[in-house]
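S.K.: Let me begin by handing over the structure; questions about it come next.
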Amino acid sequence: MPSLDRQDNVFVLDLGDGENRFHPDWLTAVSAALDEVEKAEGPRALVTAATGKFYSNGLDLDWLSAHTDRYQGYVVTVHELFARMLSLPVITVAALQGHTFAAGAMFSLAHDFRVMRADRGFWCLPEADINIPFTPGMAALIQSRLAPQTAHEAMITARRYGGADAAATGIVDQAVTEEAVRSTAIEIAQAQVNKAGDTLGTIKARMYAPALATLRDTTDPLG
């Protein structure tokens, strides 16, 4: 399960050491961690990271197949997580040490910055290959955070981007060695801790107002 630590003014949320899929219990734990970050006072920033082969493999499809009657509510909760991260009033950095797929890739895009391992691991939106269309909220998030041509390619071809390609196309900000992923993310976050607060939250809310409105639509989240 996710765990939250603090290194000076930088909170580090470790998502886990498995596939880190969005099981309801996992989503609850991440939400509680964000509560703690948001309620803290003074300079602060947030890094999300993981250990093992995956940063996150996205939606928990096994849980969904066993709880089909709860699908819409589950998607609303996932959208809430994306919206909250996108508008969090602190600088956020995703440290992508492993595979970052589907909703896990979308979660990374909701961060302000991304650092990815250069030599192994892929960032991918596989929905076109697995026949799961993007929800309106997911599409809005992706298109608000990527250049139009990159979003187009990533969404319709399900291309797997390695670290160097992800950096070249602007999906991530830096591609570094495995050992440097987390430390580089913490360095980026530490340099921005004084930005935390209501003004930053307002800037993000206004910058991403259309995407946030779509993500927060609970009437027809599936389109």
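In the structure tokens, each chain is lettered A, B, ... as it comes, each chain's residues begin at 1, and ligands are numbered from 1 in order of appearance.
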Let's see if you can do this: from backbone DSSP, list all alpha helix (DSSP H) residues in segment 94-181 of chain A, as a VMD selection string.

M.R.: chain A and resid 103 to 109 127 to 130 136 to 145 148 to 157 163 to 168 181

S.K.: Near Val90 of chain A, within 12 Å and counting only C-alpha atoms, which residues show up once chain neighbours fewer than 3 positions away are dropped, as a ChimeraX atom specification?

M.R.: /A:9-11,34,37-47,84-87,93,111-113,189-204

S.K.: What is the distance between atom CA of Arg114 of chain A and atom CA of Val181 of chain A, in Å to one decimal?

M.R.: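 The value is 9.5 Å.
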
S.K.: Give the strand (DSSP E or B) residues of segment 18-213 of chain A, as assigned by DSSP on the backbone, as a PyMOL selection string.

M.R.: chain A and resi 22+45-49+54-56+59+91-96+99-101+113-117+123-124+160-161+174-176

S.K.: For the residues selected in the previous step, produce a file with C-alpha atoms as a PDB file, in the first residue's frame.

M.R.:
```pdb
ATOM      1  CA  PHE A  22      -5.946   1.640  -8.645  1.00  0.00           C
ATOM      2  CA  ALA A  45       6.284  19.958  -2.332  1.00  0.00           C
ATOM      3  CA  LEU A  46       5.329  16.418  -3.276  1.00  0.00           C
ATOM      4  CA  VAL A  47       7.146  13.617  -5.074  1.00  0.00           C
ATOM      5  CA  THR A  48       5.365  10.399  -5.988  1.00  0.00           C
ATOM      6  CA  ALA A  49       7.566   7.379  -6.566  1.00  0.00           C
ATOM      7  CA  PHE A  54       6.164  -0.570 -12.135  1.00  0.00           C
ATOM      8  CA  TYR A  55       5.334   3.013 -11.266  1.00  0.00           C
ATOM      9  CA  SER A  56       1.670   2.201 -11.907  1.00  0.00           C
ATOM     10  CA  LEU A  59      -6.970   0.763 -13.325  1.00  0.00           C
ATOM     11  CA  ILE A  91       4.521  21.547  -6.784  1.00  0.00           C
ATOM     12  CA  THR A  92       4.265  17.856  -7.692  1.00  0.00           C
ATOM     13  CA  VAL A  93       6.884  15.649  -9.348  1.00  0.00           C
ATOM     14  CA  ALA A  94       6.410  12.056 -10.530  1.00  0.00           C
ATOM     15  CA  ALA A  95       9.506   9.820 -10.317  1.00  0.00           C
ATOM     16  CA  LEU A  96       8.916   7.139 -12.957  1.00  0.00           C
ATOM     17  CA  HIS A  99       6.500   0.963 -16.371  1.00  0.00           C
ATOM     18  CA  THR A 100       3.874   3.708 -16.371  1.00  0.00           C
ATOM     19  CA  PHE A 101       0.791   2.551 -18.242  1.00  0.00           C
ATOM     20  CA  PHE A 113       6.886  17.557 -13.614  1.00  0.00           C
ATOM     21  CA  ARG A 114       8.002  14.028 -14.496  1.00  0.00           C
ATOM     22  CA  VAL A 115      11.393  12.321 -14.282  1.00  0.00           C
ATOM     23  CA  MET A 116      11.786   8.940 -15.993  1.00  0.00           C
ATOM     24  CA  ARG A 117      14.388   6.220 -16.036  1.00  0.00           C
ATOM     25  CA  TRP A 123       5.315   5.152 -20.636  1.00  0.00           C
ATOM     26  CA  CYS A 124       2.223   4.113 -22.577  1.00  0.00           C
ATOM     27  CA  ARG A 160       5.399   2.650 -25.858  1.00  0.00           C
ATOM     28  CA  TYR A 161       7.788   5.494 -25.112  1.00  0.00           C
ATOM     29  CA  GLN A 174      14.057  14.519 -17.809  1.00  0.00           C
ATOM     30  CA  ALA A 175      15.308  10.989 -18.491  1.00  0.00           C
ATOM     31  CA  VAL A 176      18.058   9.934 -16.088  1.00  0.00           C
TER      32      VAL A 176
END
```

S.K.: For Ile130 of chain A, which of A:Leu61, A:Ala209, A:Leu109, A:Val75 is the closest residue, counting only C-alpha atoms?

M.R.: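 Once distances to Ile130 of chain A are computed over only C-alpha atoms, the minimum belongs to A:Leu61.
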
S.K.: Choose the residue, out of A:Thr157, A:Thr219, A:Thr184, A:Asn20, that has the smallest atom-to-atom separation from Gly58 of chain A; count only C-alpha atoms.

M.R.: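 So, comparing all the options, the nearest one is A:Asn20.
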
S.K.: For Ala29 of chain A, work out the shell of residues within 12 Å, counting only C-alpha atoms and skipping chain neighbours fewer than 3 positions away, then give it as a short mmCIF file (atom, residue, chain, number, x, y, z; two decimals) with N, CA, C and O atoms, in the first residue's frame.

M.R.:
```
data_model
loop_
_atom_site.label_atom_id
_atom_site.label_comp_id
_atom_site.auth_asym_id
_atom_site.auth_seq_id
_atom_site.Cartn_x
_atom_site.Cartn_y
_atom_site.Cartn_z
N MET A 1 0.84 -1.20 0.00
CA MET A 1 0.00 0.00 0.00
C MET A 1 0.88 1.26 0.00
O MET A 1 2.01 1.23 0.47
N PRO A 2 0.35 2.35 -0.50
CA PRO A 2 1.11 3.60 -0.52
C PRO A 2 1.51 4.06 0.88
O PRO A 2 0.78 3.82 1.85
N SER A 3 2.67 4.71 0.96
CA SER A 3 3.15 5.23 2.25
C SER A 3 3.75 6.60 2.02
O SER A 3 4.37 6.86 0.98
N LEU A 4 3.58 7.48 3.02
CA LEU A 4 4.05 8.86 2.90
C LEU A 4 5.18 9.12 3.87
O LEU A 4 5.10 8.79 5.05
N LEU A 13 5.63 10.32 -1.57
CA LEU A 13 4.56 9.32 -1.52
C LEU A 13 5.00 8.12 -2.35
O LEU A 13 5.07 8.20 -3.58
N ASP A 14 5.33 7.02 -1.66
CA ASP A 14 5.71 5.78 -2.35
C ASP A 14 4.44 5.01 -2.66
O ASP A 14 3.69 4.65 -1.76
N LEU A 15 4.19 4.77 -3.94
CA LEU A 15 2.95 4.13 -4.37
C LEU A 15 2.92 2.64 -4.13
O LEU A 15 1.85 2.03 -4.20
N GLY A 16 4.08 2.03 -3.87
CA GLY A 16 4.12 0.60 -3.60
C GLY A 16 5.17 -0.11 -4.43
O GLY A 16 5.90 0.51 -5.20
N ASN A 20 0.85 -1.54 -8.53
CA ASN A 20 0.27 -0.27 -8.06
C ASN A 20 -0.96 0.12 -8.86
O ASN A 20 -1.11 1.27 -9.28
N PHE A 22 -5.03 0.76 -9.39
CA PHE A 22 -5.95 1.64 -8.64
C PHE A 22 -7.06 0.85 -7.97
O PHE A 22 -8.25 1.04 -8.26
N HIS A 23 -6.70 -0.03 -7.04
CA HIS A 23 -7.70 -0.71 -6.22
C HIS A 23 -8.36 0.35 -5.33
O HIS A 23 -7.71 1.34 -4.93
N PRO A 24 -9.63 0.20 -4.98
CA PRO A 24 -10.27 1.19 -4.11
C PRO A 24 -9.50 1.47 -2.82
O PRO A 24 -9.45 2.64 -2.39
N ASP A 25 -8.91 0.46 -2.22
CA ASP A 25 -8.13 0.69 -1.00
C ASP A 25 -6.88 1.51 -1.29
O ASP A 25 -6.47 2.35 -0.48
N TRP A 26 -6.27 1.28 -2.43
CA TRP A 26 -5.10 2.06 -2.85
C TRP A 26 -5.50 3.51 -3.07
O TRP A 26 -4.81 4.43 -2.63
N ALA A 32 -5.73 9.89 1.34
CA ALA A 32 -5.36 10.26 2.71
C ALA A 32 -3.99 10.92 2.76
O ALA A 32 -3.77 11.88 3.52
N ALA A 33 -3.06 10.42 1.94
CA ALA A 33 -1.73 11.02 1.88
C ALA A 33 -1.80 12.45 1.34
O ALA A 33 -1.13 13.36 1.85
N LEU A 34 -2.62 12.66 0.32
CA LEU A 34 -2.77 14.00 -0.23
C LEU A 34 -3.42 14.94 0.78
O LEU A 34 -3.10 16.13 0.83
N ASP A 35 -4.33 14.40 1.59
CA ASP A 35 -4.90 15.20 2.69
C ASP A 35 -3.79 15.73 3.60
O ASP A 35 -3.79 16.91 3.98
N GLU A 36 -2.86 14.85 3.94
CA GLU A 36 -1.78 15.23 4.85
C GLU A 36 -0.88 16.29 4.22
O GLU A 36 -0.49 17.26 4.89
N LEU A 81 -9.16 11.77 -8.29
CA LEU A 81 -7.73 11.73 -8.00
C LEU A 81 -6.96 12.55 -9.02
O LEU A 81 -6.07 13.35 -8.67
#
```
